[in-house]
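**Student:** Structure supplied as my_file-v9.cif; contents: mmCIF, C-alpha atoms and all ligand atoms.
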data_start
#
loop_
_atom_site.group_PDB
_atom_site.id
_atom_site.type_symbol
_atom_site.label_atom_id
_atom_site.label_comp_id
_atom_site.auth_asym_id
_atom_site.auth_seq_id
_atom_site.Cartn_x
_atom_site.Cartn_y
_atom_site.Cartn_z
ATOM 1 C CA MET A 25 0.000 0.000 0.000
ATOM 2 C CA LYS A 26 1.066 3.550 -0.516
ATOM 3 C CA LEU A 27 -0.137 6.564 1.462
ATOM 4 C CA TYR A 28 0.102 10.007 -0.069
ATOM 5 C CA TYR A 29 0.235 12.511 2.787
ATOM 6 C CA ALA A 30 1.293 16.047 3.626
ATOM 7 C CA PRO A 31 3.207 16.551 6.871
ATOM 8 C CA GLY A 32 0.794 17.731 9.569
ATOM 9 C CA ALA A 33 -2.299 17.584 7.312
ATOM 10 C CA CYS A 34 -5.408 15.500 8.071
ATOM 11 C CA SER A 35 -3.550 12.542 6.562
ATOM 12 C CA ILE A 36 -1.724 12.243 9.922
ATOM 13 C CA GLY A 37 -4.796 10.347 11.152
ATOM 14 C CA ILE A 38 -4.546 7.718 8.406
ATOM 15 C CA HIS A 39 -0.773 7.601 8.889
ATOM 16 C CA VAL A 40 -1.411 6.707 12.555
ATOM 17 C CA LEU A 41 -3.818 3.924 11.566
ATOM 18 C CA LEU A 42 -1.227 2.407 9.200
ATOM 19 C CA GLU A 43 1.257 2.431 12.082
ATOM 20 C CA GLU A 44 -1.330 0.844 14.401
ATOM 21 C CA ILE A 45 -1.849 -1.913 11.818
ATOM 22 C CA GLY A 46 1.883 -2.408 11.447
ATOM 23 C CA LYS A 47 1.956 -3.897 7.928
ATOM 24 C CA PRO A 48 4.583 -2.571 5.504
ATOM 25 C CA TYR A 49 3.497 0.453 3.472
ATOM 26 C CA GLU A 50 5.058 3.249 1.487
ATOM 27 C CA ALA A 51 4.476 6.902 2.360
ATOM 28 C CA GLU A 52 5.001 9.719 -0.109
ATOM 29 C CA ALA A 53 4.736 13.378 0.834
ATOM 30 C CA VAL A 54 2.769 15.719 -1.430
ATOM 31 C CA ASN A 55 3.908 19.330 -1.155
ATOM 32 C CA LEU A 56 0.580 21.150 -0.758
ATOM 33 C CA ARG A 57 2.284 24.536 -0.302
ATOM 34 C CA GLU A 58 3.878 24.249 -3.722
ATOM 35 C CA GLY A 59 0.622 23.017 -5.307
ATOM 36 C CA ALA A 60 1.929 19.516 -6.089
ATOM 37 C CA GLN A 61 -1.617 18.202 -5.509
ATOM 38 C CA TYR A 62 -2.836 19.927 -8.692
ATOM 39 C CA LYS A 63 -0.048 18.668 -10.962
ATOM 40 C CA PRO A 64 1.011 15.312 -12.323
ATOM 41 C CA PRO A 65 1.977 12.798 -11.114
ATOM 42 C CA PHE A 66 -0.254 13.237 -8.020
ATOM 43 C CA ALA A 67 -3.223 14.798 -9.830
ATOM 44 C CA ALA A 68 -3.424 11.663 -11.963
ATOM 45 C CA VAL A 69 -3.567 9.468 -8.849
ATOM 46 C CA ASN A 70 -6.270 11.582 -7.147
ATOM 47 C CA PRO A 71 -7.914 14.122 -9.462
ATOM 48 C CA LYS A 72 -9.618 15.610 -6.370
ATOM 49 C CA SER A 73 -6.113 16.801 -5.374
ATOM 50 C CA LYS A 74 -6.442 15.841 -1.708
ATOM 51 C CA VAL A 75 -4.543 13.896 0.884
ATOM 52 C CA PRO A 76 -5.000 11.376 2.410
ATOM 53 C CA THR A 77 -4.942 9.203 -0.710
ATOM 54 C CA LEU A 78 -4.309 5.498 -0.400
ATOM 55 C CA VAL A 79 -3.166 3.294 -3.273
ATOM 56 C CA ARG A 80 -4.027 -0.264 -2.343
ATOM 57 C CA ASP A 81 -2.034 -3.388 -3.148
ATOM 58 C CA ASP A 82 -4.239 -4.084 -6.195
ATOM 59 C CA GLY A 83 -3.423 -0.619 -7.556
ATOM 60 C CA THR A 84 -6.868 0.866 -6.923
ATOM 61 C CA VAL A 85 -7.055 4.276 -5.295
ATOM 62 C CA MET A 86 -9.119 5.115 -2.228
ATOM 63 C CA THR A 87 -9.835 8.674 -1.092
ATOM 64 C CA GLU A 88 -11.814 10.477 1.651
ATOM 65 C CA TYR A 89 -10.744 10.002 5.255
ATOM 66 C CA PRO A 90 -13.778 8.087 6.550
ATOM 67 C CA SER A 91 -13.771 5.545 3.729
ATOM 68 C CA ILE A 92 -10.014 4.930 3.953
ATOM 69 C CA ALA A 93 -10.234 4.541 7.747
ATOM 70 C CA TYR A 94 -13.252 2.218 7.515
ATOM 71 C CA TRP A 95 -11.632 0.078 4.822
ATOM 72 C CA LEU A 96 -8.361 -0.202 6.785
ATOM 73 C CA ALA A 97 -10.268 -1.202 9.922
ATOM 74 C CA ARG A 98 -12.413 -3.837 8.171
ATOM 75 C CA THR A 99 -9.544 -5.383 6.214
ATOM 76 C CA ASN A 100 -7.266 -5.580 9.263
ATOM 77 C CA PRO A 101 -9.573 -6.898 12.011
ATOM 78 C CA PHE A 102 -6.622 -8.017 14.171
ATOM 79 C CA ALA A 103 -5.813 -4.335 14.781
ATOM 80 C CA ASN A 104 -9.129 -3.792 16.618
ATOM 81 C CA LEU A 105 -9.845 -0.420 15.060
ATOM 82 C CA LEU A 106 -13.622 -0.893 14.942
ATOM 83 C CA PRO A 107 -15.822 -2.449 17.627
ATOM 84 C CA ASP A 108 -17.905 -5.519 16.668
ATOM 85 C CA ASP A 109 -21.105 -4.189 18.156
ATOM 86 C CA ILE A 110 -23.176 -2.448 15.472
ATOM 87 C CA ASP A 111 -24.417 0.298 17.772
ATOM 88 C CA ARG A 112 -20.834 1.143 18.784
ATOM 89 C CA GLN A 113 -19.732 0.996 15.143
ATOM 90 C CA ALA A 114 -22.384 3.552 14.290
ATOM 91 C CA ARG A 115 -21.137 5.748 17.165
ATOM 92 C CA VAL A 116 -17.576 5.503 15.817
ATOM 93 C CA LEU A 117 -18.754 6.542 12.346
ATOM 94 C CA GLU A 118 -20.839 9.335 13.868
ATOM 95 C CA LEU A 119 -17.849 10.748 15.731
ATOM 96 C CA MET A 120 -15.467 10.329 12.797
ATOM 97 C CA ASP A 121 -17.869 12.130 10.483
ATOM 98 C CA TYR A 122 -18.257 14.933 12.996
ATOM 99 C CA ALA A 123 -14.475 15.380 13.263
ATOM 100 C CA VAL A 124 -13.987 15.329 9.475
ATOM 101 C CA ALA A 125 -17.119 16.945 8.051
ATOM 102 C CA THR A 126 -17.770 19.544 10.749
ATOM 103 C CA ILE A 127 -14.693 20.319 12.851
ATOM 104 C CA HIS A 128 -12.289 19.990 9.902
ATOM 105 C CA MET A 129 -14.246 20.898 6.777
ATOM 106 C CA GLN A 130 -16.392 23.642 8.285
ATOM 107 C CA GLY A 131 -14.097 24.832 11.101
ATOM 108 C CA PHE A 132 -10.386 24.414 10.446
ATOM 109 C CA ALA A 133 -10.829 24.676 6.677
ATOM 110 C CA ARG A 134 -12.112 28.229 7.192
ATOM 111 C CA MET A 135 -9.068 28.984 9.358
ATOM 112 C CA PHE A 136 -6.466 27.396 7.063
ATOM 113 C CA ARG A 137 -8.061 28.133 3.659
ATOM 114 C CA SER A 138 -10.089 31.279 4.335
ATOM 115 C CA ALA A 139 -9.713 32.458 0.717
ATOM 116 C CA ASN A 140 -11.761 29.421 -0.386
ATOM 117 C CA PHE A 141 -14.760 30.738 1.549
ATOM 118 C CA THR A 142 -15.015 34.304 0.292
ATOM 119 C CA PRO A 143 -14.225 36.203 -2.901
ATOM 120 C CA ASN A 144 -13.272 39.275 -0.798
ATOM 121 C CA ALA A 145 -9.829 39.366 0.817
ATOM 122 C CA ALA A 146 -11.240 41.882 3.307
ATOM 123 C CA ASP A 147 -13.614 39.223 4.685
ATOM 124 C CA GLU A 148 -10.955 36.630 5.385
ATOM 125 C CA ASP A 149 -10.449 37.544 9.047
ATOM 126 C CA ALA A 150 -14.186 37.158 9.632
ATOM 127 C CA VAL A 151 -14.130 33.778 7.867
ATOM 128 C CA LYS A 152 -11.219 32.661 10.081
ATOM 129 C CA ALA A 153 -13.057 33.779 13.223
ATOM 130 C CA ARG A 154 -16.182 31.864 12.150
ATOM 131 C CA GLY A 155 -14.068 28.769 11.498
ATOM 132 C CA LYS A 156 -12.509 29.019 14.957
ATOM 133 C CA ASP A 157 -15.950 29.336 16.479
ATOM 134 C CA ILE A 158 -17.239 26.236 14.664
ATOM 135 C CA ALA A 159 -14.162 24.174 15.600
ATOM 136 C CA GLU A 160 -14.293 25.247 19.239
ATOM 137 C CA LYS A 161 -17.994 24.423 19.506
ATOM 138 C CA GLY A 162 -17.242 21.022 17.951
ATOM 139 C CA PHE A 163 -14.731 20.191 20.646
ATOM 140 C CA GLY A 164 -17.321 21.044 23.270
ATOM 141 C CA LYS A 165 -19.366 17.912 22.525
ATOM 142 C CA ASP A 166 -19.327 14.956 24.861
ATOM 143 C CA TYR A 167 -17.439 12.070 23.178
ATOM 144 C CA ALA A 168 -17.589 8.532 24.496
ATOM 145 C CA VAL A 169 -16.631 5.770 22.113
ATOM 146 C CA GLY A 170 -15.221 3.190 24.495
ATOM 147 C CA SER A 171 -12.130 1.436 23.148
ATOM 148 C CA TYR A 172 -9.607 2.801 20.633
ATOM 149 C CA SER A 173 -10.952 3.026 17.094
ATOM 150 C CA ILE A 174 -10.640 4.799 13.763
ATOM 151 C CA ALA A 175 -12.699 7.639 15.267
ATOM 152 C CA ASP A 176 -9.817 8.405 17.633
ATOM 153 C CA SER A 177 -7.499 8.969 14.685
ATOM 154 C CA ALA A 178 -9.877 11.528 13.180
ATOM 155 C CA LEU A 179 -10.443 13.245 16.508
ATOM 156 C CA PHE A 180 -6.677 13.206 17.003
ATOM 157 C CA TYR A 181 -5.917 15.199 13.880
ATOM 158 C CA VAL A 182 -8.375 17.993 14.674
ATOM 159 C CA GLU A 183 -7.087 18.122 18.276
ATOM 160 C CA PHE A 184 -3.539 18.238 16.931
ATOM 161 C CA TRP A 185 -4.491 21.226 14.756
ATOM 162 C CA SER A 186 -6.165 22.956 17.735
ATOM 163 C CA LYS A 187 -2.830 22.880 19.526
ATOM 164 C CA ARG A 188 -1.005 24.207 16.468
ATOM 165 C CA VAL A 189 -3.283 27.249 16.233
ATOM 166 C CA GLY A 190 -3.201 27.865 20.002
ATOM 167 C CA MET A 191 -6.879 27.023 20.553
ATOM 168 C CA THR A 192 -8.015 26.098 24.052
ATOM 169 C CA ILE A 193 -9.995 22.841 24.023
ATOM 170 C CA PRO A 194 -11.959 21.249 26.871
ATOM 171 C CA ALA A 195 -10.119 19.103 29.395
ATOM 172 C CA ASN A 196 -11.635 15.851 28.094
ATOM 173 C CA THR A 197 -10.392 16.438 24.547
ATOM 174 C CA ALA A 198 -7.013 17.760 25.768
ATOM 175 C CA ALA A 199 -6.656 14.560 27.796
ATOM 176 C CA HIS A 200 -7.595 12.542 24.704
ATOM 177 C CA LEU A 201 -4.876 14.331 22.731
ATOM 178 C CA ASP A 202 -2.343 13.503 25.459
ATOM 179 C CA ARG A 203 -3.362 9.835 25.379
ATOM 180 C CA MET A 204 -2.997 9.814 21.599
ATOM 181 C CA LEU A 205 0.435 11.494 21.768
ATOM 182 C CA ALA A 206 1.563 8.763 24.160
ATOM 183 C CA ARG A 207 0.717 5.999 21.660
ATOM 184 C CA PRO A 208 3.794 4.530 19.942
ATOM 185 C CA ALA A 209 2.005 4.625 16.556
ATOM 186 C CA VAL A 210 1.449 8.366 16.913
ATOM 187 C CA GLN A 211 5.062 8.906 17.925
ATOM 188 C CA ARG A 212 6.259 6.920 14.909
ATOM 189 C CA MET A 213 4.036 8.985 12.604
ATOM 190 C CA LEU A 214 5.261 12.276 14.132
ATOM 191 C CA ALA A 215 8.889 11.203 13.700
ATOM 192 C CA GLN A 216 8.290 10.143 10.081
ATOM 193 C CA GLU A 217 6.544 13.416 9.215
ATOM 194 C CA GLY A 218 9.238 15.525 10.916
ATOM 195 C CA LEU A 219 6.707 16.802 13.479
ATOM 196 C CA ALA A 220 8.215 15.312 16.661
HETATM 197 N N1 LIG B 301 -12.924 15.289 2.656
HETATM 198 C C1 LIG B 301 -11.519 14.966 2.482
HETATM 199 C C2 LIG B 301 -10.697 16.138 2.925
HETATM 200 C C3 LIG B 301 -9.278 16.006 2.598
HETATM 201 C C4 LIG B 301 -8.584 17.353 2.668
HETATM 202 O O1 LIG B 301 -9.233 18.413 2.743
HETATM 203 N N2 LIG B 301 -7.247 17.315 2.655
HETATM 204 C C5 LIG B 301 -6.459 18.523 2.655
HETATM 205 C C6 LIG B 301 -5.313 18.444 3.653
HETATM 206 S S1 LIG B 301 -5.908 18.416 5.327
HETATM 207 C C7 LIG B 301 -5.849 18.708 1.276
HETATM 208 O O2 LIG B 301 -5.378 17.741 0.697
HETATM 209 N N3 LIG B 301 -5.839 19.931 0.773
HETATM 210 C C8 LIG B 301 -5.218 20.234 -0.477
HETATM 211 C C9 LIG B 301 -5.982 21.283 -1.248
HETATM 212 O O3 LIG B 301 -7.171 21.478 -0.932
HETATM 213 O O4 LIG B 301 -5.389 21.873 -2.133
HETATM 214 C C10 LIG B 301 -11.216 13.727 3.299
HETATM 215 O O5 LIG B 301 -12.042 13.360 4.146
HETATM 216 O O6 LIG B 301 -10.201 13.071 3.063
#
Could you spell out this file's structure in structure tokens?
**Tutor:**
Amino acid sequence: MKLYYAPGACSIGIHVLLEEIGKPYEAEAVNLREGAQYKPPFAAVNPKSKVPTLVRDDGTVMTEYPSIAYWLARTNPFANLLPDDIDRQARVLELMDYAVATIHMQGFARMFRSANFTPNAADEDAVKARGKDIAEKGFGKDYAVGSYSIADSALFYVEFWSKRVGMTIPANTAAHLDRMLARPAVQRMLAQEGLA
């Protein structure tokens, strides 16, 4: 398998899952700052120009965080990344979607890519402030998923970003971030991405 990632981007969550699984994989950085996502060769691999992108052993390409995480969990059951109980599985998917679709795509995306949300440069500070508000409100929810799962990897990457932008998050999510940072798989990912 081959993971296309960008250091410190949301792909850190998938990178952690690959380390949790422990099977050999390749990892190739895509330089988002230089626009490598819009040019060949990467644009041919994922025309949506996004990381994470996973090329599987059969050569097929999988994109979108939740589907990559779900597929990795289901195809590597020994890694215990998804509970067996259907109700808990649904809770994991619920939390993962909230981290990706709301906290990331509506919150942090406004902070990191404010120009994508307004045609007026003068409005960008207001867009950033709205994004911060959405992300902070997202962290205020009460999360309880039980054992470690793919949802933790998604929650991890938005918590990681909150720290990078100096956001204060509630004690329960800060404690979750600390638990994640203590995991050997997270430490391996941080070392590999030059973020340690
Ligand atoms: N909905 C996508 C979001 C992926 C995404 O937004 N990735 C960002 C990095 S965190 C990216 O590749 N941005 C490059 C760009 O938009 O040019 C997913 O769930 O995987």
**Student:** Excluding segment 62-74 of chain A and residues on its chain fewer than 6 positions from it, collect all residues at most 12 Å away from it, counting only C-alpha atoms, and give them as a PDB file with C-alpha atoms, in the coordinates of the input.
**Tutor:**
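This went into selection.pdb:
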ATOM      1  CA  LYS A  26       1.066   3.550  -0.516  1.00  0.00           C
ATOM      2  CA  LEU A  27      -0.137   6.564   1.462  1.00  0.00           C
ATOM      3  CA  TYR A  28       0.102  10.007  -0.069  1.00  0.00           C
ATOM      4  CA  TYR A  29       0.235  12.511   2.787  1.00  0.00           C
ATOM      5  CA  ALA A  30       1.293  16.047   3.626  1.00  0.00           C
ATOM      6  CA  ALA A  33      -2.299  17.584   7.312  1.00  0.00           C
ATOM      7  CA  CYS A  34      -5.408  15.500   8.071  1.00  0.00           C
ATOM      8  CA  SER A  35      -3.550  12.542   6.562  1.00  0.00           C
ATOM      9  CA  GLU A  52       5.001   9.719  -0.109  1.00  0.00           C
ATOM     10  CA  ALA A  53       4.736  13.378   0.834  1.00  0.00           C
ATOM     11  CA  VAL A  54       2.769  15.719  -1.430  1.00  0.00           C
ATOM     12  CA  ASN A  55       3.908  19.330  -1.155  1.00  0.00           C
ATOM     13  CA  LEU A  56       0.580  21.150  -0.758  1.00  0.00           C
ATOM     14  CA  ARG A  80      -4.027  -0.264  -2.343  1.00  0.00           C
ATOM     15  CA  GLY A  83      -3.423  -0.619  -7.556  1.00  0.00           C
ATOM     16  CA  THR A  84      -6.868   0.866  -6.923  1.00  0.00           C
ATOM     17  CA  VAL A  85      -7.055   4.276  -5.295  1.00  0.00           C
ATOM     18  CA  MET A  86      -9.119   5.115  -2.228  1.00  0.00           C
ATOM     19  CA  THR A  87      -9.835   8.674  -1.092  1.00  0.00           C
ATOM     20  CA  GLU A  88     -11.814  10.477   1.651  1.00  0.00           C
ATOM     21  CA  TYR A  89     -10.744  10.002   5.255  1.00  0.00           C
TER      22      TYR A  89
END
**Student:** For this structure, which residues satisfy the selection - the PyMOL selection byres (((chain A and resi 192) around 12) and not hetatm) - when it is evaluated on the file as given? I want them as number ranges by chain.
**Tutor:** A: 156-157, 159-161, 163-164, 183-191, 193-198
**Student:** Keeping only C-alpha atoms, write those residues as an mmCIF file, in the coordinates of the input.
**Tutor:**
data_model
loop_
_atom_site.group_PDB
_atom_site.id
_atom_site.type_symbol
_atom_site.label_atom_id
_atom_site.label_comp_id
_atom_site.auth_asym_id
_atom_site.auth_seq_id
_atom_site.Cartn_x
_atom_site.Cartn_y
_atom_site.Cartn_z
ATOM 1 C CA LYS A 156 -12.509 29.019 14.957
ATOM 2 C CA ASP A 157 -15.950 29.336 16.479
ATOM 3 C CA ALA A 159 -14.162 24.174 15.600
ATOM 4 C CA GLU A 160 -14.293 25.247 19.239
ATOM 5 C CA LYS A 161 -17.994 24.423 19.506
ATOM 6 C CA PHE A 163 -14.731 20.191 20.646
ATOM 7 C CA GLY A 164 -17.321 21.044 23.270
ATOM 8 C CA GLU A 183 -7.087 18.122 18.276
ATOM 9 C CA PHE A 184 -3.539 18.238 16.931
ATOM 10 C CA TRP A 185 -4.491 21.226 14.756
ATOM 11 C CA SER A 186 -6.165 22.956 17.735
ATOM 12 C CA LYS A 187 -2.830 22.880 19.526
ATOM 13 C CA ARG A 188 -1.005 24.207 16.468
ATOM 14 C CA VAL A 189 -3.283 27.249 16.233
ATOM 15 C CA GLY A 190 -3.201 27.865 20.002
ATOM 16 C CA MET A 191 -6.879 27.023 20.553
ATOM 17 C CA ILE A 193 -9.995 22.841 24.023
ATOM 18 C CA PRO A 194 -11.959 21.249 26.871
ATOM 19 C CA ALA A 195 -10.119 19.103 29.395
ATOM 20 C CA ASN A 196 -11.635 15.851 28.094
ATOM 21 C CA THR A 197 -10.392 16.438 24.547
ATOM 22 C CA ALA A 198 -7.013 17.760 25.768
#
**Student:** Starting from the shown file, work through the PyMOL selection byres (((chain A and resi 110-124) around 7) and not hetatm) and note down what comes out as a list in words.
**Tutor:**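 So the PyMOL selection byres (((chain A and resi 110-124) around 7) and not hetatm), applied here, picks out Pro90, Leu106, Pro107, Asp108, Asp109, Ala125, Thr126, Ile127, His128, Met129, Val169, Ala175, Ala178, Leu179 and Val182 of chain A.
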**Student:** Next, write the just-selected residues to a file, as an mmCIF file, in the coordinates of the input, keeping C-alpha atoms as the atom set.
**Tutor:**
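The resulting file, out15.cif, is shown below:
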data_model
loop_
_atom_site.group_PDB
_atom_site.id
_atom_site.type_symbol
_atom_site.label_atom_id
_atom_site.label_comp_id
_atom_site.auth_asym_id
_atom_site.auth_seq_id
_atom_site.Cartn_x
_atom_site.Cartn_y
_atom_site.Cartn_z
ATOM 1 C CA PRO A 90 -13.778 8.087 6.550
ATOM 2 C CA LEU A 106 -13.622 -0.893 14.942
ATOM 3 C CA PRO A 107 -15.822 -2.449 17.627
ATOM 4 C CA ASP A 108 -17.905 -5.519 16.668
ATOM 5 C CA ASP A 109 -21.105 -4.189 18.156
ATOM 6 C CA ALA A 125 -17.119 16.945 8.051
ATOM 7 C CA THR A 126 -17.770 19.544 10.749
ATOM 8 C CA ILE A 127 -14.693 20.319 12.851
ATOM 9 C CA HIS A 128 -12.289 19.990 9.902
ATOM 10 C CA MET A 129 -14.246 20.898 6.777
ATOM 11 C CA VAL A 169 -16.631 5.770 22.113
ATOM 12 C CA ALA A 175 -12.699 7.639 15.267
ATOM 13 C CA ALA A 178 -9.877 11.528 13.180
ATOM 14 C CA LEU A 179 -10.443 13.245 16.508
ATOM 15 C CA VAL A 182 -8.375 17.993 14.674
#
**Student:** Once the PyMOL selection byres (((chain A and resi 47-50) around 12) and not hetatm) has been evaluated on this model, what residues remain selected, and can you format them as a PyMOL selection string?
**Tutor:** chain A and resi 25-29+38-39+41-46+51-53+77-81+96+99-100+102-103+216
**Student:** Residues at most 8 Å from Val210 of chain A, counting all atoms listed in the file, excluding those fewer than 4 positions away in the same chain, as a PDB file with C-alpha atoms, keeping the file's coordinate frame?
**Tutor:**
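This is the output file around17.pdb:
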ATOM      1  CA  VAL A  40      -1.411   6.707  12.555  1.00  0.00           C
ATOM      2  CA  GLU A  43       1.257   2.431  12.082  1.00  0.00           C
ATOM      3  CA  MET A 204      -2.997   9.814  21.599  1.00  0.00           C
ATOM      4  CA  LEU A 205       0.435  11.494  21.768  1.00  0.00           C
ATOM      5  CA  ALA A 206       1.563   8.763  24.160  1.00  0.00           C
ATOM      6  CA  LEU A 214       5.261  12.276  14.132  1.00  0.00           C
TER       7      LEU A 214
END
**Student:** Measuring between all atoms listed in the file, which one of A:Pro31, A:Ser173, A:Lys152, A:Ile36 shows the shortest distance to Arg57 of chain A?
**Tutor:**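 Looking at the shortest contact to Arg57 of chain A, the residue is A:Pro31.
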**Student:** Provide an axis-aligned box for all listed atoms of ligand LIG 301 (chain B), padding each side by 8 Å; report its centre and its edge lengths in Å to one decimal, as lines of an AutoDock Vina configuration file.
**Tutor:**
center_x = -9.1
center_y = 17.5
center_z = 1.6
size_x = 23.7
size_y = 24.8
size_z = 23.5
**Student:** So what do you get for atom CA of Pro101 of chain A versus atom CA of Arg207 of chain A, distance-wise?
**Tutor:**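 Taking atom CA of Pro101 of chain A and atom CA of Arg207 of chain A, their separation equals 19.1 Å.
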**Student:** Which of these, A:Glu217, A:Arg98, A:Ile174, A:Tyr181, has the shortest distance to ligand LIG 301 (chain B) once you count all atoms listed in the file?
**Tutor:**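 Looking only at the distances to ligand LIG 301 (chain B), the closest residue turns out to be A:Tyr181.
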**Student:** Would you please work out which residue, of A:Gly37, A:Ala60, A:Val75, A:Arg137, is nearest to ligand LIG 301 (chain B) when using all atoms listed in the file?
**Tutor:**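 With all atoms listed in the file as the atom set, the closest residue is A:Val75.
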**Student:** Do you have the atom CA of Gly155 of chain A-atom CA of Pro76 of chain A distance handy?
**Tutor:**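 Atom-to-atom, atom CA of Gly155 of chain A and atom CA of Pro76 of chain A are spaced 21.6 Å apart.
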**Student:** Quick one: pull the distance between atom O4 of ligand LIG 301 (chain B) and atom CA of Gly131 of chain A, Å, one decimal.
**Tutor:**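 Result for atom O4 of ligand LIG 301 (chain B) versus atom CA of Gly131 of chain A: 16.1 Å, one decimal.
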**Student:** Could you check the closest approach to Ser177 of chain A for each of A:Tyr94, A:Arg134, A:Ala150, A:Ala220 and tell me which residue wins, using only C-alpha atoms?
**Tutor:**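 Nearest candidate to Ser177 of chain A out of A:Tyr94, A:Arg134, A:Ala150, A:Ala220: A:Tyr94.
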**Student:** Counting all atoms listed in the file, which residue out of A:Leu201, A:Phe136, A:Thr142, A:Asn104 sits closest to ligand LIG 301 (chain B)?
**Tutor:**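 The closest residue to ligand LIG 301 (chain B) is A:Phe136.
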